[in-house]
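Student: As input, take coords.pdb (PDB, C-alpha atoms and all ligand atoms):
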```
ATOM      1  CA  MET X  98     368.558 -42.373 183.615
ATOM      2  CA  GLU X  99     371.400 -40.150 184.841
ATOM      3  CA  SER X 100     371.216 -37.954 181.711
ATOM      4  CA  LEU X 101     367.442 -37.522 182.112
ATOM      5  CA  LYS X 102     368.032 -36.275 185.649
ATOM      6  CA  LYS X 103     370.606 -33.750 184.447
ATOM      7  CA  TYR X 104     368.176 -32.226 181.961
ATOM      8  CA  ARG X 105     365.266 -31.821 184.389
ATOM      9  CA  ILE X 106     363.896 -28.318 184.068
ATOM     10  CA  PHE X 107     361.808 -27.940 187.165
ATOM     11  CA  GLY X 108     363.977 -29.516 189.836
ATOM     12  CA  ASN X 109     366.677 -28.062 192.035
ATOM     13  CA  GLY X 110     370.333 -28.900 192.346
ATOM     14  CA  TYR X 111     371.945 -28.929 188.896
ATOM     15  CA  SER X 112     375.327 -30.548 188.691
ATOM     16  CA  PRO X 113     378.218 -28.035 188.444
ATOM     17  CA  LYS X 114     379.522 -30.077 185.513
ATOM     18  CA  PHE X 115     376.308 -29.548 183.572
ATOM     19  CA  LEU X 116     376.234 -25.809 184.338
ATOM     20  CA  ASP X 117     379.801 -25.525 183.089
ATOM     21  CA  TYR X 118     378.719 -27.275 179.912
ATOM     22  CA  VAL X 119     375.820 -24.784 179.442
ATOM     23  CA  SER X 120     378.157 -21.829 180.049
ATOM     24  CA  LYS X 121     380.711 -23.025 177.514
ATOM     25  CA  GLN X 122     378.039 -23.826 174.970
ATOM     26  CA  PHE X 123     376.752 -20.249 175.085
ATOM     27  CA  ALA X 124     380.103 -18.544 175.787
ATOM     28  CA  ILE X 125     378.759 -17.281 179.106
ATOM     29  CA  ASP X 126     381.026 -16.270 181.987
ATOM     30  CA  GLN X 127     379.172 -17.264 185.156
ATOM     31  CA  ASN X 128     381.617 -15.355 187.353
ATOM     32  CA  SER X 129     380.117 -12.083 186.162
ATOM     33  CA  PHE X 130     376.723 -12.884 187.690
ATOM     34  CA  ARG X 131     377.703 -14.846 190.746
ATOM     35  CA  LEU X 132     374.726 -13.834 192.962
ATOM     36  CA  ALA X 133     372.233 -14.678 190.199
ATOM     37  CA  SER X 134     373.973 -17.933 189.306
ATOM     38  CA  ARG X 135     372.495 -21.300 190.163
ATOM     39  CA  ARG X 136     376.016 -22.512 190.899
ATOM     40  CA  LEU X 137     376.071 -20.422 194.062
ATOM     41  CA  HIS X 138     372.413 -20.952 194.924
ATOM     42  CA  PRO X 139     371.091 -24.280 193.602
ATOM     43  CA  ARG X 140     367.538 -23.968 194.949
ATOM     44  CA  ASN X 141     364.857 -21.866 193.241
ATOM     45  CA  THR X 142     364.338 -18.426 194.758
ATOM     46  CA  ILE X 143     360.710 -17.554 195.440
ATOM     47  CA  VAL X 144     359.848 -13.859 195.129
ATOM     48  CA  LYS X 145     356.520 -12.720 196.544
ATOM     49  CA  ILE X 146     354.524  -9.939 194.899
ATOM     50  CA  GLY X 147     352.084  -9.139 197.696
ATOM     51  CA  ALA X 148     351.153 -12.655 198.796
ATOM     52  CA  VAL X 149     351.674 -14.151 195.310
ATOM     53  CA  PRO X 150     354.724 -16.407 194.982
ATOM     54  CA  PHE X 151     356.806 -16.346 191.784
ATOM     55  CA  GLY X 152     359.224 -19.243 191.325
ATOM     56  CA  ASP X 153     357.106 -21.658 193.360
ATOM     57  CA  SER X 154     356.948 -24.910 191.426
ATOM     58  CA  LYS X 155     353.236 -25.328 192.207
ATOM     59  CA  VAL X 156     351.961 -21.954 190.998
ATOM     60  CA  PHE X 157     351.907 -20.130 187.651
ATOM     61  CA  PRO X 158     350.840 -16.538 188.403
ATOM     62  CA  VAL X 159     349.631 -14.163 185.685
ATOM     63  CA  ILE X 160     350.200 -10.402 185.766
ATOM     64  CA  ALA X 161     347.624  -8.654 183.578
ATOM     65  CA  GLY X 162     346.319  -5.199 182.767
ATOM     66  CA  PRO X 163     346.374  -2.516 180.077
ATOM     67  CA  CYS X 164     349.577  -1.392 178.367
ATOM     68  CA  GLY X 165     349.042   2.007 179.997
ATOM     69  CA  LEU X 166     346.104   3.163 182.112
ATOM     70  CA  ASP X 167     343.912   5.696 180.300
ATOM     71  CA  THR X 168     340.806   6.456 182.375
ATOM     72  CA  LYS X 169     339.964   5.615 185.979
ATOM     73  CA  GLU X 170     336.715   3.919 184.916
ATOM     74  CA  ASN X 171     338.452   1.620 182.405
ATOM     75  CA  ALA X 172     341.176   0.770 184.914
ATOM     76  CA  ILE X 173     338.728  -0.198 187.667
ATOM     77  CA  LYS X 174     336.509  -2.137 185.259
ATOM     78  CA  ILE X 175     339.335  -4.251 183.819
ATOM     79  CA  ALA X 176     340.907  -4.850 187.247
ATOM     80  CA  ASN X 177     337.590  -6.238 188.578
ATOM     81  CA  LEU X 178     337.200  -8.510 185.542
ATOM     82  CA  LEU X 179     340.803  -9.725 185.694
ATOM     83  CA  LYS X 180     340.467 -10.569 189.366
ATOM     84  CA  LYS X 181     337.550 -12.879 188.469
ATOM     85  CA  SER X 182     339.354 -14.685 185.665
ATOM     86  CA  GLY X 183     342.679 -15.871 186.982
ATOM     87  CA  ALA X 184     344.974 -12.805 187.160
ATOM     88  CA  SER X 185     347.099 -12.630 190.321
ATOM     89  CA  VAL X 186     348.683  -9.178 189.896
ATOM     90  CA  PHE X 187     347.313  -6.012 188.225
ATOM     91  CA  ARG X 188     349.498  -4.219 185.695
ATOM     92  CA  GLY X 189     348.792  -0.523 186.261
ATOM     93  CA  PHE X 190     351.266   1.544 184.241
ATOM     94  CA  LEU X 191     351.179   5.327 184.610
ATOM     95  CA  TRP X 192     354.317   6.154 182.620
ATOM     96  CA  LYS X 193     355.133   4.771 179.192
ATOM     97  CA  GLY X 194     358.532   4.910 177.483
ATOM     98  CA  ARG X 195     357.414   5.140 173.858
ATOM     99  CA  THR X 196     359.516   4.810 170.736
ATOM    100  CA  ASP X 197     357.571   7.662 169.122
ATOM    101  CA  ALA X 198     357.900  10.920 171.076
ATOM    102  CA  TYR X 199     354.545  12.171 169.706
ATOM    103  CA  THR X 200     352.443   9.318 171.122
ATOM    104  CA  PHE X 201     350.648   8.938 174.487
ATOM    105  CA  GLN X 202     353.198   8.920 177.326
ATOM    106  CA  GLY X 203     350.903   7.708 180.136
ATOM    107  CA  VAL X 204     348.569   9.518 182.541
ATOM    108  CA  GLY X 205     351.363  10.127 185.056
ATOM    109  CA  GLU X 206     351.046  10.926 188.737
ATOM    110  CA  LYS X 207     347.319  11.562 188.634
ATOM    111  CA  GLY X 208     346.832   7.773 188.372
ATOM    112  CA  LEU X 209     348.460   7.032 191.750
ATOM    113  CA  GLY X 210     345.075   7.437 193.482
ATOM    114  CA  TRP X 211     343.454   5.099 190.921
ATOM    115  CA  LEU X 212     345.991   2.394 191.768
ATOM    116  CA  GLU X 213     345.324   2.803 195.462
ATOM    117  CA  GLU X 214     341.593   2.412 194.846
ATOM    118  CA  ILE X 215     342.116  -0.695 192.651
ATOM    119  CA  LYS X 216     344.315  -2.267 195.282
ATOM    120  CA  ASN X 217     341.766  -1.602 198.044
ATOM    121  CA  ARG X 218     338.795  -2.750 195.982
ATOM    122  CA  THR X 219     340.243  -5.909 194.390
ATOM    123  CA  GLY X 220     343.041  -6.888 196.744
ATOM    124  CA  LEU X 221     345.248  -7.433 193.687
ATOM    125  CA  PRO X 222     348.904  -6.474 194.129
ATOM    126  CA  ILE X 223     350.051  -3.761 191.700
ATOM    127  CA  ASP X 224     352.837  -3.830 189.090
ATOM    128  CA  ILE X 225     354.094  -0.552 187.614
ATOM    129  CA  GLU X 226     356.938   0.377 185.284
ATOM    130  CA  ILE X 227     359.306   3.049 186.582
ATOM    131  CA  LEU X 228     361.366   5.011 184.076
ATOM    132  CA  ASN X 229     363.566   6.823 186.577
ATOM    133  CA  GLU X 230     364.439   7.257 190.240
ATOM    134  CA  GLN X 231     361.793   9.940 190.822
ATOM    135  CA  HIS X 232     359.130   7.395 189.811
ATOM    136  CA  LEU X 233     360.616   4.922 192.288
ATOM    137  CA  ASP X 234     360.254   7.438 195.126
ATOM    138  CA  LEU X 235     356.651   8.170 194.140
ATOM    139  CA  VAL X 236     355.501   4.532 194.044
ATOM    140  CA  LYS X 237     357.639   2.586 196.478
ATOM    141  CA  ASP X 238     355.166   2.719 199.371
ATOM    142  CA  LEU X 239     352.101   2.057 197.215
ATOM    143  CA  VAL X 240     352.873  -0.660 194.649
ATOM    144  CA  ASP X 241     353.966  -4.263 195.160
ATOM    145  CA  VAL X 242     356.470  -4.621 192.327
ATOM    146  CA  VAL X 243     358.338  -2.212 190.071
ATOM    147  CA  GLN X 244     359.155  -3.115 186.506
ATOM    148  CA  ILE X 245     362.326  -2.066 184.741
ATOM    149  CA  GLY X 246     361.479  -2.148 181.056
ATOM    150  CA  SER X 247     363.581  -3.348 178.171
ATOM    151  CA  ARG X 248     364.764   0.169 177.355
ATOM    152  CA  ASN X 249     366.207   0.533 180.865
ATOM    153  CA  MET X 250     367.807  -2.893 181.307
ATOM    154  CA  GLN X 251     371.242  -1.285 181.311
ATOM    155  CA  ASN X 252     370.306   1.910 183.167
ATOM    156  CA  TYR X 253     372.806   1.239 185.940
ATOM    157  CA  SER X 254     371.807   4.096 188.226
ATOM    158  CA  LEU X 255     368.188   2.863 188.169
ATOM    159  CA  LEU X 256     369.310  -0.736 188.779
ATOM    160  CA  LYS X 257     371.416   0.432 191.735
ATOM    161  CA  ALA X 258     368.538   2.544 193.094
ATOM    162  CA  VAL X 259     366.120  -0.427 193.188
ATOM    163  CA  GLY X 260     368.963  -2.530 194.590
ATOM    164  CA  ARG X 261     369.028  -0.239 197.648
ATOM    165  CA  THR X 262     365.359  -1.077 198.400
ATOM    166  CA  ASN X 263     363.608  -4.341 199.170
ATOM    167  CA  ILE X 264     360.800  -3.881 196.696
ATOM    168  CA  PRO X 265     360.306  -6.768 194.226
ATOM    169  CA  VAL X 266     361.615  -5.922 190.741
ATOM    170  CA  ILE X 267     360.676  -7.333 187.328
ATOM    171  CA  LEU X 268     363.670  -6.883 185.034
ATOM    172  CA  LYS X 269     363.037  -7.263 181.286
ATOM    173  CA  ASN X 270     365.659  -8.118 178.712
ATOM    174  CA  SER X 271     366.632  -5.392 176.272
ATOM    175  CA  PRO X 272     365.877  -6.220 172.614
ATOM    176  CA  GLY X 273     369.566  -6.611 171.769
ATOM    177  CA  SER X 274     370.802  -8.484 174.820
ATOM    178  CA  GLY X 275     371.832 -12.063 175.441
ATOM    179  CA  LEU X 276     370.945 -14.000 178.582
ATOM    180  CA  ASP X 277     374.342 -13.250 180.114
ATOM    181  CA  GLU X 278     373.792  -9.496 179.761
ATOM    182  CA  LEU X 279     370.349  -9.808 181.377
ATOM    183  CA  LEU X 280     371.906 -11.714 184.285
ATOM    184  CA  CYS X 281     374.690  -9.129 184.607
ATOM    185  CA  ALA X 282     372.024  -6.413 184.844
ATOM    186  CA  ALA X 283     370.197  -8.419 187.556
ATOM    187  CA  GLU X 284     373.499  -8.646 189.422
ATOM    188  CA  TYR X 285     373.485  -4.872 189.959
ATOM    189  CA  ILE X 286     370.178  -5.176 191.852
ATOM    190  CA  LEU X 287     371.238  -8.272 193.831
ATOM    191  CA  LYS X 288     374.611  -6.764 194.700
ATOM    192  CA  GLY X 289     372.839  -3.797 196.321
ATOM    193  CA  GLY X 290     371.105  -6.196 198.716
ATOM    194  CA  ASN X 291     367.726  -6.579 197.025
ATOM    195  CA  ARG X 292     367.218 -10.293 196.381
ATOM    196  CA  ASN X 293     363.620  -9.908 195.105
ATOM    197  CA  VAL X 294     364.357 -10.043 191.388
ATOM    198  CA  ILE X 295     362.103 -11.637 188.752
ATOM    199  CA  LEU X 296     363.445 -11.855 185.194
ATOM    200  CA  CYS X 297     361.127 -11.348 182.232
ATOM    201  CA  LEU X 298     361.845 -12.443 178.671
ATOM    202  CA  ARG X 299     360.063 -10.303 176.089
ATOM    203  CA  GLY X 300     361.916 -11.117 172.874
ATOM    204  CA  THR X 301     364.837  -9.712 170.927
ATOM    205  CA  LYS X 302     365.095  -7.951 167.567
ATOM    206  CA  PRO X 303     364.381 -10.352 164.723
ATOM    207  CA  LEU X 304     367.092 -10.559 162.082
ATOM    208  CA  THR X 305     364.579 -10.023 159.334
ATOM    209  CA  GLY X 306     361.383  -7.993 159.217
ATOM    210  CA  SER X 307     358.447 -10.238 160.042
ATOM    211  CA  PHE X 308     354.878 -10.306 161.247
ATOM    212  CA  SER X 309     356.044 -10.379 164.853
ATOM    213  CA  ARG X 310     357.793  -7.369 166.349
ATOM    214  CA  PHE X 311     360.338  -9.251 168.456
ATOM    215  CA  SER X 312     361.460 -12.876 168.411
ATOM    216  CA  LEU X 313     360.882 -14.744 171.644
ATOM    217  CA  ASP X 314     363.232 -17.719 171.758
ATOM    218  CA  MET X 315     361.492 -20.522 173.641
ATOM    219  CA  CYS X 316     364.838 -22.288 174.281
ATOM    220  CA  ALA X 317     365.798 -19.262 176.392
ATOM    221  CA  PHE X 318     363.368 -20.185 179.193
ATOM    222  CA  PRO X 319     364.815 -23.601 180.134
ATOM    223  CA  ILE X 320     368.392 -22.392 179.516
ATOM    224  CA  LEU X 321     367.936 -19.348 181.760
ATOM    225  CA  LYS X 322     366.282 -21.573 184.371
ATOM    226  CA  GLN X 323     369.454 -23.667 184.407
ATOM    227  CA  LEU X 324     371.725 -20.635 184.701
ATOM    228  CA  THR X 325     369.869 -18.858 187.486
ATOM    229  CA  HIS X 326     367.785 -19.539 190.582
ATOM    230  CA  LEU X 327     365.701 -16.385 190.021
ATOM    231  CA  PRO X 328     362.051 -16.666 188.900
ATOM    232  CA  ILE X 329     361.508 -16.177 185.154
ATOM    233  CA  ILE X 330     358.321 -14.954 183.519
ATOM    234  CA  GLY X 331     357.480 -14.382 179.858
ATOM    235  CA  ASP X 332     355.782 -11.517 178.018
ATOM    236  CA  PRO X 333     353.888 -12.736 174.945
ATOM    237  CA  THR X 334     352.433  -9.264 174.258
ATOM    238  CA  GLN X 335     355.550  -7.319 173.255
ATOM    239  CA  SER X 336     356.894 -10.136 171.123
ATOM    240  CA  ALA X 337     353.721 -11.115 169.270
ATOM    241  CA  ASN X 338     352.469  -7.554 168.695
ATOM    242  CA  ASN X 339     349.195  -9.040 167.488
ATOM    243  CA  ALA X 340     346.341 -10.088 169.788
ATOM    244  CA  THR X 341     345.306 -12.988 167.554
ATOM    245  CA  ILE X 342     348.562 -14.892 168.170
ATOM    246  CA  ILE X 343     349.198 -13.939 171.815
ATOM    247  CA  PRO X 344     347.165 -16.829 173.330
ATOM    248  CA  ASN X 345     349.345 -19.338 171.446
ATOM    249  CA  VAL X 346     352.560 -17.608 172.477
ATOM    250  CA  ALA X 347     351.333 -17.502 176.092
ATOM    251  CA  MET X 348     350.796 -21.270 176.010
ATOM    252  CA  SER X 349     354.281 -21.813 174.553
ATOM    253  CA  ILE X 350     355.823 -19.747 177.366
ATOM    254  CA  ALA X 351     354.016 -21.839 179.982
ATOM    255  CA  ALA X 352     355.132 -25.045 178.265
ATOM    256  CA  SER X 353     358.756 -23.820 178.084
ATOM    257  CA  GLY X 354     359.127 -23.839 181.845
ATOM    258  CA  ALA X 355     358.481 -20.180 182.738
ATOM    259  CA  ASP X 356     357.296 -19.351 186.271
ATOM    260  CA  GLY X 357     354.546 -16.971 185.148
ATOM    261  CA  LEU X 358     353.248 -14.548 182.563
ATOM    262  CA  LEU X 359     352.915 -10.799 181.951
ATOM    263  CA  VAL X 360     350.138  -9.983 179.496
ATOM    264  CA  GLU X 361     348.317  -6.841 178.340
ATOM    265  CA  VAL X 362     344.504  -6.747 178.532
ATOM    266  CA  HIS X 363     342.054  -3.862 177.987
ATOM    267  CA  THR X 364     338.263  -3.528 178.249
ATOM    268  CA  ASN X 365     338.145  -2.110 174.723
ATOM    269  CA  PRO X 366     341.428  -2.508 172.791
ATOM    270  CA  LYS X 367     340.158  -0.483 169.818
ATOM    271  CA  GLU X 368     339.825   2.593 172.045
ATOM    272  CA  ALA X 369     343.121   2.152 173.931
ATOM    273  CA  LEU X 370     345.688   4.949 173.721
ATOM    274  CA  THR X 371     348.691   2.616 173.420
ATOM    275  CA  ASP X 372     349.448  -0.755 171.796
ATOM    276  CA  LYS X 373     345.881  -1.298 170.444
ATOM    277  CA  LYS X 374     346.932  -4.117 168.133
ATOM    278  CA  GLN X 375     348.507  -6.209 170.848
ATOM    279  CA  LEU X 376     345.930  -5.900 173.634
ATOM    280  CA  LEU X 377     343.743  -8.886 174.480
ATOM    281  CA  ASP X 378     340.124  -8.093 175.231
ATOM    282  CA  TYR X 379     338.576  -9.583 178.332
ATOM    283  CA  ASN X 380     337.076 -12.611 176.572
ATOM    284  CA  GLN X 381     340.373 -13.471 174.904
ATOM    285  CA  PHE X 382     342.080 -13.264 178.291
ATOM    286  CA  ARG X 383     339.455 -15.410 179.999
ATOM    287  CA  GLN X 384     339.704 -18.060 177.292
ATOM    288  CA  THR X 385     343.522 -17.995 177.489
ATOM    289  CA  SER X 386     343.348 -18.474 181.282
ATOM    290  CA  ILE X 387     341.103 -21.524 180.840
ATOM    291  CA  TYR X 388     343.540 -23.111 178.372
ATOM    292  CA  LEU X 389     346.581 -22.153 180.477
ATOM    293  CA  ASN X 390     345.055 -23.766 183.540
ATOM    294  CA  LYS X 391     344.635 -27.029 181.642
ATOM    295  CA  LEU X 392     348.179 -26.936 180.293
ATOM    296  CA  ILE X 393     349.982 -26.147 183.548
ATOM    297  CA  LYS X 394     348.200 -28.993 185.328
ATOM    298  CA  ILE X 395     350.603 -31.252 183.430
ATOM    299  CA  TYR X 396     353.416 -29.660 185.456
ATOM    300  CA  GLY X 397     351.470 -29.866 188.728
ATOM    301  CA  LYS X 398     350.821 -26.092 188.773
ATOM    302  CA  LYS X 399     347.775 -23.855 189.233
ATOM    303  CA  LEU X 400     347.176 -20.239 188.176
ATOM    304  CA  SER X 401     347.017 -19.105 191.784
ATOM    305  CA  LYS X 402     347.165 -20.684 195.210
TER     306      LYS X 402
HETATM  307  C1  LIG X 501     355.436  -2.839 178.210
HETATM  308  O1  LIG X 501     355.428  -3.794 179.034
HETATM  309  O2  LIG X 501     354.465  -2.142 177.927
HETATM  310  C2  LIG X 501     356.684  -2.566 177.508
HETATM  311  C3  LIG X 501     356.849  -1.426 176.883
HETATM  312  O3  LIG X 501     357.557  -3.549 177.556
HETATM  313  P1  LIG X 501     359.094  -3.572 177.133
HETATM  314  O4  LIG X 501     359.800  -2.801 178.189
HETATM  315  O5  LIG X 501     359.384  -5.032 177.134
HETATM  316  O6  LIG X 501     359.174  -2.957 175.754
HETATM  317 MN    MN X 502     352.668  -2.349 175.710
END
```
For the structure just supplied, provide its representation as structure tokens.

Tutor:
Amino acid sequence: MESLKKYRIFGNGYSPKFLDYVSKQFAIDQNSFRLASRRLHPRNTIVKIGAVPFGDSKVFPVIAGPCGLDTKENAIKIANLLKKSGASVFRGFLWKGRTDAYTFQGVGEKGLGWLEEIKNRTGLPIDIEILNEQHLDLVKDLVDVVQIGSRNMQNYSLLKAVGRTNIPVILKNSPGSGLDELLCAAEYILKGGNRNVILCLRGTKPLTGSFSRFSLDMCAFPILKQLTHLPIIGDPTQSANNATIIPNVAMSIAASGADGLLVEVHTNPKEALTDKKQLLDYNQFRQTSIYLNKLIKIYGKKLSK
């Protein structure tokens, strides 16, 4: 009975002895992320994006939207549809850090007005990726959460800059990092005084070439949950890189104890300017939401409050 209690994923108050065991097992030094560590802060932290709680054991919020916004019409259309089918936060990216310098880099500043309109029309809070401090200044009074993408996980001046604000931050793991490095990066934001940090697992480089672009280790969700009190969400889109398998990966993330999901959806994936292959269309998203809702009931959660 005692050992079952120790391994509970969703509860609070892990025994220091068990956390020490986890740290040793994964050669993790918990002193390097003391503010993020569950040892210091046994209860789950709840971070609110707008009015939507992340880390609340009764809710499983979904952040959804295109990889990058392309036209105002498409953005408004998908936001209205997503609002109707279970999304709690709209992903409205204006800047894209692309591997290939010759591909679409996002619509940029001209989309700020589109985001304002979407927020007013749908009431959905807005998530945006910022690539640098100038982006932070441009969006901080408009959006509800800023995302620091995998390529910037160790951009310390950007981490410190968001740490000086109170804006909620989604911090993604870099493709080559371990959980301890992700937590050390979060520490930079927490240390600055901003406690509104949500971690997002999006997969790491696979050792061999495969049909998925990144490997998303499902063990990482419950292990990270034991190491930290911060909310943890999962991104099935970047790891699967293929819309036909994303619904299954999304379900696995929910079943692995994550606090929410970040998923890419577009009105017409074939016409999208970025990440065509890995965008869900609206029907795929709606169907995934229906299945997710059934699954998370097992854990006593709902998609939104
Ligand atoms: C994205 O969310 O579109 C993205 C590029 O993610 P990541 O930073 O995980 O690569
Ligand atoms: Mn993308």

Student: Given the file above and the PyMOL selection byres (((not hetatm)) within 6 of (chain X and resi 501)), which residues are selected, and can you give them as an MDAnalysis selection string?

Tutor: chainID X and resid 164 246:248 269 299 335

Student: Using only C-alpha atoms and all ligand atoms, find each protein or nucleic acid residue lying at most 12 Å from ligand MN 502 (chain X); present the set as a ChimeraX atom specification.

Tutor: /X:161-166,188-196,201-203,226,246-247,299,310,332-340,359-363,366,369-377

Student: Would you please work out which residue, of X:Glu214, X:Glu284, X:Asp378, X:Asp314, is nearest to X:Ser353 when using only C-alpha atoms?

Tutor: X:Asp314

Student: Atom CA of X:Ile225 and atom CA of X:Met250 are how many Å apart?

Tutor: 15.3 Å

Student: Closest to X:Lys322 among X:Ala258, X:Ala355, X:Ile295, X:Val204, using all atoms listed in the file?

Tutor: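 Residue with the minimum atom-to-atom distance to X:Lys322: X:Ala355.
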
Student: Find the residues around stretch 141-146 of chain X up to 8 Å (all atoms listed in the file counted), leave out those fewer than 2 positions away in its own chain, and share them as a PyMOL selection string.

Tutor: chain X and resi 109+138-139+148-153+186+222+241-242+265+293-295+326-328

Student: Interatomic distance between atom CA of X:Ser154 and atom CA of X:Ala352?

Tutor: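 Atom-to-atom, atom CA of X:Ser154 and atom CA of X:Ala352 are spaced 13.3 Å apart.
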
Student: Once you count all atoms listed in the file, which residues end up no further than 10 Å from (343.1, -7.5, 195.3) in the file's frame, shown as a PyMOL selection string?

Tutor: chain X and resi 147+176-177+180+184-187+215-223

Student: Evaluate the PyMOL selection byres (((chain X and resi 393) around 10) and not hetatm) against this structure - the residues, as a PDB file with C-alpha atoms, keeping the file's coordinate frame, please.

Tutor:
```pdb
ATOM      1  CA  LYS X 155     353.236 -25.328 192.207  1.00  0.00           C
ATOM      2  CA  VAL X 156     351.961 -21.954 190.998  1.00  0.00           C
ATOM      3  CA  PHE X 157     351.907 -20.130 187.651  1.00  0.00           C
ATOM      4  CA  MET X 348     350.796 -21.270 176.010  1.00  0.00           C
ATOM      5  CA  ALA X 351     354.016 -21.839 179.982  1.00  0.00           C
ATOM      6  CA  ALA X 352     355.132 -25.045 178.265  1.00  0.00           C
ATOM      7  CA  GLY X 354     359.127 -23.839 181.845  1.00  0.00           C
ATOM      8  CA  TYR X 388     343.540 -23.111 178.372  1.00  0.00           C
ATOM      9  CA  LEU X 389     346.581 -22.153 180.477  1.00  0.00           C
ATOM     10  CA  ASN X 390     345.055 -23.766 183.540  1.00  0.00           C
ATOM     11  CA  LYS X 391     344.635 -27.029 181.642  1.00  0.00           C
ATOM     12  CA  LEU X 392     348.179 -26.936 180.293  1.00  0.00           C
ATOM     13  CA  LYS X 394     348.200 -28.993 185.328  1.00  0.00           C
ATOM     14  CA  ILE X 395     350.603 -31.252 183.430  1.00  0.00           C
ATOM     15  CA  TYR X 396     353.416 -29.660 185.456  1.00  0.00           C
ATOM     16  CA  GLY X 397     351.470 -29.866 188.728  1.00  0.00           C
ATOM     17  CA  LYS X 398     350.821 -26.092 188.773  1.00  0.00           C
ATOM     18  CA  LYS X 399     347.775 -23.855 189.233  1.00  0.00           C
ATOM     19  CA  LEU X 400     347.176 -20.239 188.176  1.00  0.00           C
TER      20      LEU X 400
END
```

Student: Please give the centre and size of the box around stretch 310-317 of chain X (axis-aligned, containing every atom listed in the file, 5 Å added per side), with values in Å to one decimal and written as AutoDock Vina command-line options.

Tutor:
```
--center_x 361.8 --center_y -14.8 --center_z 171.4 --size_x 18.0 --size_y 24.9 --size_z 20.0
```

Student: Residues picked by the PyMOL selection byres (((chain X and resi 301) around 9) and not hetatm) here, as number ranges by chain?

Tutor: X: 270-275, 298-300, 302-303, 310-314, 336

Student: With C-alpha atoms retained, export the selected residues as a CSV table (one decimal), in the frame of the given file.

Tutor:
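Ended up saving to result-v2.csv:
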```csv
chain,number,residue,atom,x,y,z
X,270,ASN,CA,365.7,-8.1,178.7
X,271,SER,CA,366.6,-5.4,176.3
X,272,PRO,CA,365.9,-6.2,172.6
X,273,GLY,CA,369.6,-6.6,171.8
X,274,SER,CA,370.8,-8.5,174.8
X,275,GLY,CA,371.8,-12.1,175.4
X,298,LEU,CA,361.8,-12.4,178.7
X,299,ARG,CA,360.1,-10.3,176.1
X,300,GLY,CA,361.9,-11.1,172.9
X,302,LYS,CA,365.1,-8.0,167.6
X,303,PRO,CA,364.4,-10.4,164.7
X,310,ARG,CA,357.8,-7.4,166.3
X,311,PHE,CA,360.3,-9.3,168.5
X,312,SER,CA,361.5,-12.9,168.4
X,313,LEU,CA,360.9,-14.7,171.6
X,314,ASP,CA,363.2,-17.7,171.8
X,336,SER,CA,356.9,-10.1,171.1
```

Student: Could you tell me how far atom CA of X:Phe382 sits from atom CA of X:Ile342, in Å to one decimal place?

Tutor: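 Pair atom CA of X:Ile342 / atom CA of X:Phe382 returns 12.1 Å.
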
Student: Nearest to X:Ile320: which of X:Glu213, X:Glu368, X:Asp277, X:Glu230 is it, counting all atoms listed in the file?

Tutor: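 Using all atoms listed in the file, the shortest distance to X:Ile320 belongs to X:Asp277.
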
Student: With distances taken over all atoms listed in the file, which residue among X:Ile387, X:Ala317, X:Cys281, X:Ala124 lies nearest X:Gly183?

Tutor: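 For X:Gly183, the nearest of the candidates is X:Ile387.
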